[in-house]
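Enquirer: This is the structure I want to talk about, given as structure tokens.
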Amino acid sequence: MSTATTALTITPSTHPASEAERAARMTNPGFGRVFTDHMVVIPYRNGAWQTGELKAYGPLSLDPASSVLHYGQAIFEGFKAYHQKDGGLATFRPEANGERFNQSAARLAMPALPVDLFVQAADELIRMEKNWVPTAIGESLYLRPLMIATEAALGVRPSNEYQFILFASPSGAYFPKGVKPVTVWISEDYVRAAPGGTGFAKCAGNYAASLVAQAQAAEQGCDQVVWLDAVTRNCIEEMGGMNMFFVYQEGGKTTLVTPRLTGTLLPGVTRRSLLELAKDLGFEAEERTITVDEWKDAVATGRMTEAFACGTAAVITPIGQVKSKRGDWTIHHNESGPITMKLREAMLNLQHGVSADTHGWMHKVL
Ligand code: COI
């Protein structure tokens, strides 16, 4: 039976996982391998978002001429629902993801989805799937909103029809090694994004274009690729799909440095939050250009003591070793550093309602 809410018709699945099946699938879920019983689909046609449906999770049916399959109008987001210390459920800054979703949409000539509808769709899905939210700190229900162009038409122009889709995945550690430091390869053969391109947008094509560089990093014995800017090939931009931070310790002062947003970097919600959390913890925080030479020299002289990558999926991941055509270096004996781990703990405590939400970032769902 279906019931209508303000914007979504709710049609419960006729074949949800049994309690035992769900428990089995939620044991060591890893990342992005287990999906819950329901999803949300909201169609866009005739210039407007139509009534969406929260319904059983399952395959989509797409016309082979759907423009997403040819010209790649596809964007996505990622955020998480966390079990709270008080037993409730909350998401972390979902409206920030909703706003970024619309910035991505605008760059790909796709329609904006009202941010309150984005947040409401997630709230409804999370409430329906409340038993799929893991309880351990560091585990969460990952929400994956996306939008694809669905008009069946072969001309190169923006589609007139789209689908917003949202599904959920109980998740643990993103990287198989957990929070052990990763080894990175600085890519000089490939670039992720160029000025005027789509670097700031979370569009599928950016990730497709990264895979060959990631494979090259793996050939070099590295876990991840580090991207340089397309113009000078000297300034550090990102690691894989994550933003980066560098920890400097000088004259009794700890400073966190992250590459400034130039339009070619993804404006990460975790990045933005860490810049504020760092200050709460008494550290300085700077957004500025950092070159490969500076990275290498600052580690060699001991000024830079730690480096890490951050994103929703993996939260914070230490970087232990760097390999490149310009030389190799090791950071903090290839071990997780204290500042990195302190920030990670502060972030997770906030997200799980263990510490006070002084910034008003948590969005209560249940
Ligand atoms: C994140 O770090 O949250 C990401 O964007 C990675 C994601 C593409 C799985």
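Residue names in the structure tokens use chain letters A, B, ... in the order shown, residue numbers from 1 in each chain, and ligand numbers from 1 in the order shown.
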List as JSON lines every residue of segment 128-168 of chain A that is in contact with segment 195-212 of chain A, defined as an atom at most 12 Å from one of its atoms (using only C-alpha atoms), together with the nearest atom pair and the distance in Å rounded to one decimal, sorted by chain and then rising number.
Expert:
{"residue": "A:Arg144", "atom": "CA", "partner": "A:Lys202", "partner_atom": "CA", "distance": 12.0}
{"residue": "A:Pro145", "atom": "CA", "partner": "A:Lys202", "partner_atom": "CA", "distance": 11.1}
{"residue": "A:Leu146", "atom": "CA", "partner": "A:Cys203", "partner_atom": "CA", "distance": 9.3}
{"residue": "A:Met147", "atom": "CA", "partner": "A:Cys203", "partner_atom": "CA", "distance": 9.5}
{"residue": "A:Ile148", "atom": "CA", "partner": "A:Ala204", "partner_atom": "CA", "distance": 9.8}
Enquirer: Keeping only N, CA and C atoms, take the residues you just selected and write them out as a PDB file, in the first residue's frame.
Expert:
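Final file, result-v1.pdb:
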ATOM      1  N   ARG A 144      23.693   7.963  -0.798  1.00  0.00           N
ATOM      2  CA  ARG A 144      24.209   8.287  -2.127  1.00  0.00           C
ATOM      3  C   ARG A 144      23.092   8.884  -2.987  1.00  0.00           C
ATOM      4  N   PRO A 145      22.991  10.220  -3.042  1.00  0.00           N
ATOM      5  CA  PRO A 145      22.063  10.874  -3.961  1.00  0.00           C
ATOM      6  C   PRO A 145      22.742  11.023  -5.327  1.00  0.00           C
ATOM      7  N   LEU A 146      21.981  10.897  -6.386  1.00  0.00           N
ATOM      8  CA  LEU A 146      22.544  11.128  -7.719  1.00  0.00           C
ATOM      9  C   LEU A 146      21.464  11.662  -8.647  1.00  0.00           C
ATOM     10  N   MET A 147      21.899  12.248  -9.759  1.00  0.00           N
ATOM     11  CA  MET A 147      20.960  12.702 -10.778  1.00  0.00           C
ATOM     12  C   MET A 147      21.502  12.326 -12.140  1.00  0.00           C
ATOM     13  N   ILE A 148      20.628  11.746 -12.970  1.00  0.00           N
ATOM     14  CA  ILE A 148      21.037  11.362 -14.325  1.00  0.00           C
ATOM     15  C   ILE A 148      20.037  11.916 -15.340  1.00  0.00           C
TER      16      ILE A 148
END
Enquirer: To check your reading of the model: which residues sit at most 7 Å from ligand 1 when counting only C-alpha atoms and all ligand atoms? Write the answer as a list in words.
Expert: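 The distance check yields Gly78, Gly241, Met242, Cys310, Gly311, Thr312, Ala313 and Ala314 of chain A.
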Enquirer: Could you turn the residues from that selection into a file that holds all heavy atoms, as a PDB file, in the first residue's frame?
Expert:
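For reference, out-v3.pdb as written:
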ATOM      1  N   GLY A  78      27.546  12.408  -1.487  1.00  0.00           N
ATOM      2  CA  GLY A  78      27.719  11.384  -0.464  1.00  0.00           C
ATOM      3  C   GLY A  78      27.664  12.057   0.890  1.00  0.00           C
ATOM      4  O   GLY A  78      28.331  13.068   1.111  1.00  0.00           O
ATOM      5  N   GLY A 241      39.782  10.955  -4.703  1.00  0.00           N
ATOM      6  CA  GLY A 241      38.568  11.775  -4.631  1.00  0.00           C
ATOM      7  C   GLY A 241      38.489  12.541  -3.327  1.00  0.00           C
ATOM      8  O   GLY A 241      37.398  12.890  -2.888  1.00  0.00           O
ATOM      9  N   MET A 242      39.619  12.800  -2.681  1.00  0.00           N
ATOM     10  CA  MET A 242      39.593  13.427  -1.357  1.00  0.00           C
ATOM     11  C   MET A 242      40.427  14.706  -1.323  1.00  0.00           C
ATOM     12  O   MET A 242      41.399  14.827  -2.061  1.00  0.00           O
ATOM     13  CB  MET A 242      40.150  12.440  -0.310  1.00  0.00           C
ATOM     14  CG  MET A 242      39.380  11.129  -0.242  1.00  0.00           C
ATOM     15  SD  MET A 242      40.170   9.877   0.804  1.00  0.00           S
ATOM     16  CE  MET A 242      39.825  10.497   2.442  1.00  0.00           C
ATOM     17  N   CYS A 310      41.069  13.871   3.421  1.00  0.00           N
ATOM     18  CA  CYS A 310      39.772  13.839   4.110  1.00  0.00           C
ATOM     19  C   CYS A 310      38.625  13.820   3.111  1.00  0.00           C
ATOM     20  O   CYS A 310      38.738  14.329   2.002  1.00  0.00           O
ATOM     21  CB  CYS A 310      39.641  15.042   5.040  1.00  0.00           C
ATOM     22  SG  CYS A 310      39.532  16.609   4.180  1.00  0.00           S
ATOM     23  N   GLY A 311      37.555  13.185   3.531  1.00  0.00           N
ATOM     24  CA  GLY A 311      36.341  13.115   2.717  1.00  0.00           C
ATOM     25  C   GLY A 311      35.250  12.471   3.545  1.00  0.00           C
ATOM     26  O   GLY A 311      35.519  11.966   4.642  1.00  0.00           O
ATOM     27  N   THR A 312      34.041  12.475   3.028  1.00  0.00           N
ATOM     28  CA  THR A 312      32.943  11.869   3.786  1.00  0.00           C
ATOM     29  C   THR A 312      33.172  10.378   3.969  1.00  0.00           C
ATOM     30  O   THR A 312      32.987   9.838   5.064  1.00  0.00           O
ATOM     31  CB  THR A 312      31.617  12.093   3.034  1.00  0.00           C
ATOM     32  OG1 THR A 312      31.378  13.493   2.991  1.00  0.00           O
ATOM     33  CG2 THR A 312      30.463  11.396   3.702  1.00  0.00           C
ATOM     34  N   ALA A 313      33.570   9.720   2.908  1.00  0.00           N
ATOM     35  CA  ALA A 313      33.626   8.257   2.932  1.00  0.00           C
ATOM     36  C   ALA A 313      34.646   7.741   3.947  1.00  0.00           C
ATOM     37  O   ALA A 313      34.327   6.909   4.784  1.00  0.00           O
ATOM     38  CB  ALA A 313      33.925   7.725   1.544  1.00  0.00           C
ATOM     39  N   ALA A 314      35.890   8.249   3.867  1.00  0.00           N
ATOM     40  CA  ALA A 314      36.958   7.713   4.727  1.00  0.00           C
ATOM     41  C   ALA A 314      37.243   8.616   5.930  1.00  0.00           C
ATOM     42  O   ALA A 314      38.132   8.295   6.718  1.00  0.00           O
ATOM     43  CB  ALA A 314      38.217   7.508   3.908  1.00  0.00           C
TER      44      ALA A 314
END
Enquirer: Quick one: pull the distance between atom CA of Gln84 of chain A and atom CA of Pro181 of chain A, Å, one decimal.
Expert: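 So the answer is 27.6 Å.
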Enquirer: What's around segment 109-117 of chain A at 7 Å? Count only C-alpha atoms, leave out sequence neighbours fewer than 4 positions away in its own chain, and write the answer as a ChimeraX atom specification.
Expert: /A:95,98-99,102,105,121,158
Enquirer: Identify, on the basis of only C-alpha atoms, every residue whose closest approach to Val133 of chain A does not exceed 7 Å; exclude the query and any residue fewer than 6 positions from it along the same chain; express the result as a ChimeraX atom specification.
Expert: /A:83,140-141,170
Enquirer: Using all heavy atoms, can you write the selected residues to a file as a CSV table (one decimal), in the first residue's frame?
Expert:
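Output (result37.csv):
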chain,number,residue,atom,x,y,z
A,83,HIS,N,24.5,6.9,14.1
A,83,HIS,CA,23.9,6.6,15.3
A,83,HIS,C,24.4,7.5,16.4
A,83,HIS,O,25.6,7.8,16.4
A,83,HIS,CB,24.3,5.1,15.7
A,83,HIS,CG,23.1,4.4,16.2
A,83,HIS,ND1,22.7,4.4,17.5
A,83,HIS,CD2,22.2,3.6,15.6
A,83,HIS,CE1,21.7,3.7,17.7
A,83,HIS,NE2,21.3,3.2,16.5
A,140,SER,N,28.5,3.9,9.7
A,140,SER,CA,27.4,4.8,9.5
A,140,SER,C,26.5,4.3,8.3
A,140,SER,O,26.9,3.3,7.7
A,140,SER,CB,27.9,6.2,9.1
A,140,SER,OG,28.8,6.0,8.0
A,141,LEU,N,25.4,5.0,8.0
A,141,LEU,CA,24.7,4.7,6.8
A,141,LEU,C,25.0,5.7,5.8
A,141,LEU,O,24.7,6.9,6.0
A,141,LEU,CB,23.2,4.7,7.2
A,141,LEU,CG,22.3,4.3,6.0
A,141,LEU,CD1,22.4,2.8,5.7
A,141,LEU,CD2,20.8,4.6,6.3
A,170,PRO,N,24.9,0.7,4.4
A,170,PRO,CA,25.6,0.7,5.7
A,170,PRO,C,27.1,0.5,5.4
A,170,PRO,O,27.5,-0.3,4.6
A,170,PRO,CB,25.1,-0.6,6.4
A,170,PRO,CG,24.2,-1.3,5.4
A,170,PRO,CD,24.0,-0.5,4.2
Enquirer: Given the choices A:Ala309, A:Leu265, A:Val179, A:Val365, which gets closest to Val225 of chain A if the distance is worked out from only C-alpha atoms?
Expert: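 With only C-alpha atoms as the atom set, the closest residue is A:Ala309.
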Enquirer: Work out how far apart atom CA of Ile236 of chain A and atom CA of Gly302 of chain A are and give it in Å to one decimal.
Expert: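 Separation of atom CA of Ile236 of chain A and atom CA of Gly302 of chain A: 19.2 Å.
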Enquirer: Atom CA of Glu77 of chain A and atom CA of Ala136 of chain A, how far apart in Å?
Expert: 23.2 Å
Enquirer: Calculated over only C-alpha atoms, which of the candidates A:Phe283, A:Tyr57, A:Trp227, A:Phe167 has the smallest distance to Thr254 of chain A?
Expert: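 The answer is A:Phe283, which sits nearest to Thr254 of chain A.
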Enquirer: Could you go through segment 173-344 of chain A and tell me which residues DSSP, when run on the backbone, assigns to strand (DSSP E or B), listing them as a ChimeraX atom specification?
Expert: /A:182-186,203,224-228,235-239,242-250,253-259,284-288,291,304-311,315-323,329-330
Enquirer: Determine which residues of segment 72-268 of chain A receive a DSSP assignment of helix (DSSP H, G or I), computed from the backbone, and state them as a PyMOL selection string.
Expert: chain A and resi 94-107+115-128+130-132+204-219
Enquirer: Taking only C-alpha atoms into account, which of A:Arg127, A:Arg260, A:Lys323, A:Lys55 comes nearest Thr289 of chain A?
Expert: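 Of A:Arg127, A:Arg260, A:Lys323, A:Lys55, the one nearest Thr289 of chain A, counting only C-alpha atoms, is A:Arg260.
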Enquirer: Do you know which residues are at most 9 Å from segment 16-25 of chain A counting only C-alpha atoms, after dropping those on the same chain fewer than 5 positions away, and could you put them as number ranges by chain?
Expert: A: 34-38, 56, 131-132, 170
Enquirer: Could the residues in this selection be saved with N, CA, C and O atoms as a short mmCIF file (atom, residue, chain, number, x, y, z; two decimals), in the first residue's frame?
Expert:
data_model
loop_
_atom_site.label_atom_id
_atom_site.label_comp_id
_atom_site.auth_asym_id
_atom_site.auth_seq_id
_atom_site.Cartn_x
_atom_site.Cartn_y
_atom_site.Cartn_z
N VAL A 34 26.91 -3.11 0.41
CA VAL A 34 25.63 -3.57 0.94
C VAL A 34 24.61 -2.44 0.75
O VAL A 34 24.91 -1.29 1.07
N PHE A 35 23.45 -2.78 0.24
CA PHE A 35 22.43 -1.75 0.02
C PHE A 35 21.15 -2.12 0.76
O PHE A 35 20.85 -3.29 0.94
N THR A 36 20.42 -1.10 1.18
CA THR A 36 19.25 -1.34 2.04
C THR A 36 18.04 -1.73 1.21
O THR A 36 18.14 -1.92 -0.01
N ASP A 37 16.88 -1.82 1.83
CA ASP A 37 15.68 -2.34 1.17
C ASP A 37 14.98 -1.33 0.26
O ASP A 37 14.19 -1.72 -0.59
N HIS A 38 15.24 -0.03 0.49
CA HIS A 38 14.47 0.99 -0.24
C HIS A 38 15.35 2.02 -0.92
O HIS A 38 16.54 2.14 -0.60
N ALA A 56 10.84 0.03 -3.12
CA ALA A 56 11.82 -1.04 -2.98
C ALA A 56 13.08 -0.73 -3.79
O ALA A 56 12.99 -0.24 -4.93
N ASN A 131 16.86 0.56 10.89
CA ASN A 131 17.53 -0.65 11.40
C ASN A 131 18.79 -0.99 10.60
O ASN A 131 19.50 -1.93 10.94
N TRP A 132 19.03 -0.25 9.53
CA TRP A 132 20.23 -0.48 8.71
C TRP A 132 21.38 0.46 9.11
O TRP A 132 22.42 0.44 8.46
N PRO A 170 24.91 0.70 4.38
CA PRO A 170 25.63 0.66 5.67
C PRO A 170 27.11 0.52 5.41
O PRO A 170 27.52 -0.28 4.56
#
Enquirer: Restricting the calculation to only C-alpha atoms, which member of A:Ala74, A:Ala48, A:Ala168, A:Ala153 is positioned closest to Gly32 of chain A?
Expert: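 Closest residue, counting only C-alpha atoms: A:Ala168.
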Enquirer: Find the residues around Ala90 of chain A up to 6 Å (only C-alpha atoms counted), leave out those fewer than 3 positions away in its own chain, and share them as a list in words.
Expert: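 Counting only C-alpha atoms, the residues come to Ala81, Tyr82, His363, Lys364 and Val365 of chain A.
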Enquirer: Dump C-alpha atoms for the selected residues as a PDB file, in the first residue's frame?
Expert:
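Output file selection.pdb follows:
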ATOM      1  CA  ALA A  81      23.599   9.132   8.911  1.00  0.00           C
ATOM      2  CA  TYR A  82      25.176   8.381  12.287  1.00  0.00           C
ATOM      3  CA  HIS A 363      20.657  17.362  11.527  1.00  0.00           C
ATOM      4  CA  LYS A 364      18.429  15.233  13.741  1.00  0.00           C
ATOM      5  CA  VAL A 365      16.469  12.590  11.824  1.00  0.00           C
TER       6      VAL A 365
END
Enquirer: Name the closest residue to Val354 of chain A among the candidates A:Ala152, A:Ile137, A:Ala298, A:Leu143; distances are taken between atoms, counting only C-alpha atoms.
Expert: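 Nearest candidate to Val354 of chain A out of A:Ala152, A:Ile137, A:Ala298, A:Leu143: A:Ile137.
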Enquirer: May I have the residues within 10 Å of Ile42 of chain A as a PyMOL selection string, using only C-alpha atoms and disregarding those fewer than 2 positions away in the same chain?
Expert: chain A and resi 7-9+40+44+49-54+113+117+121+147+162-166
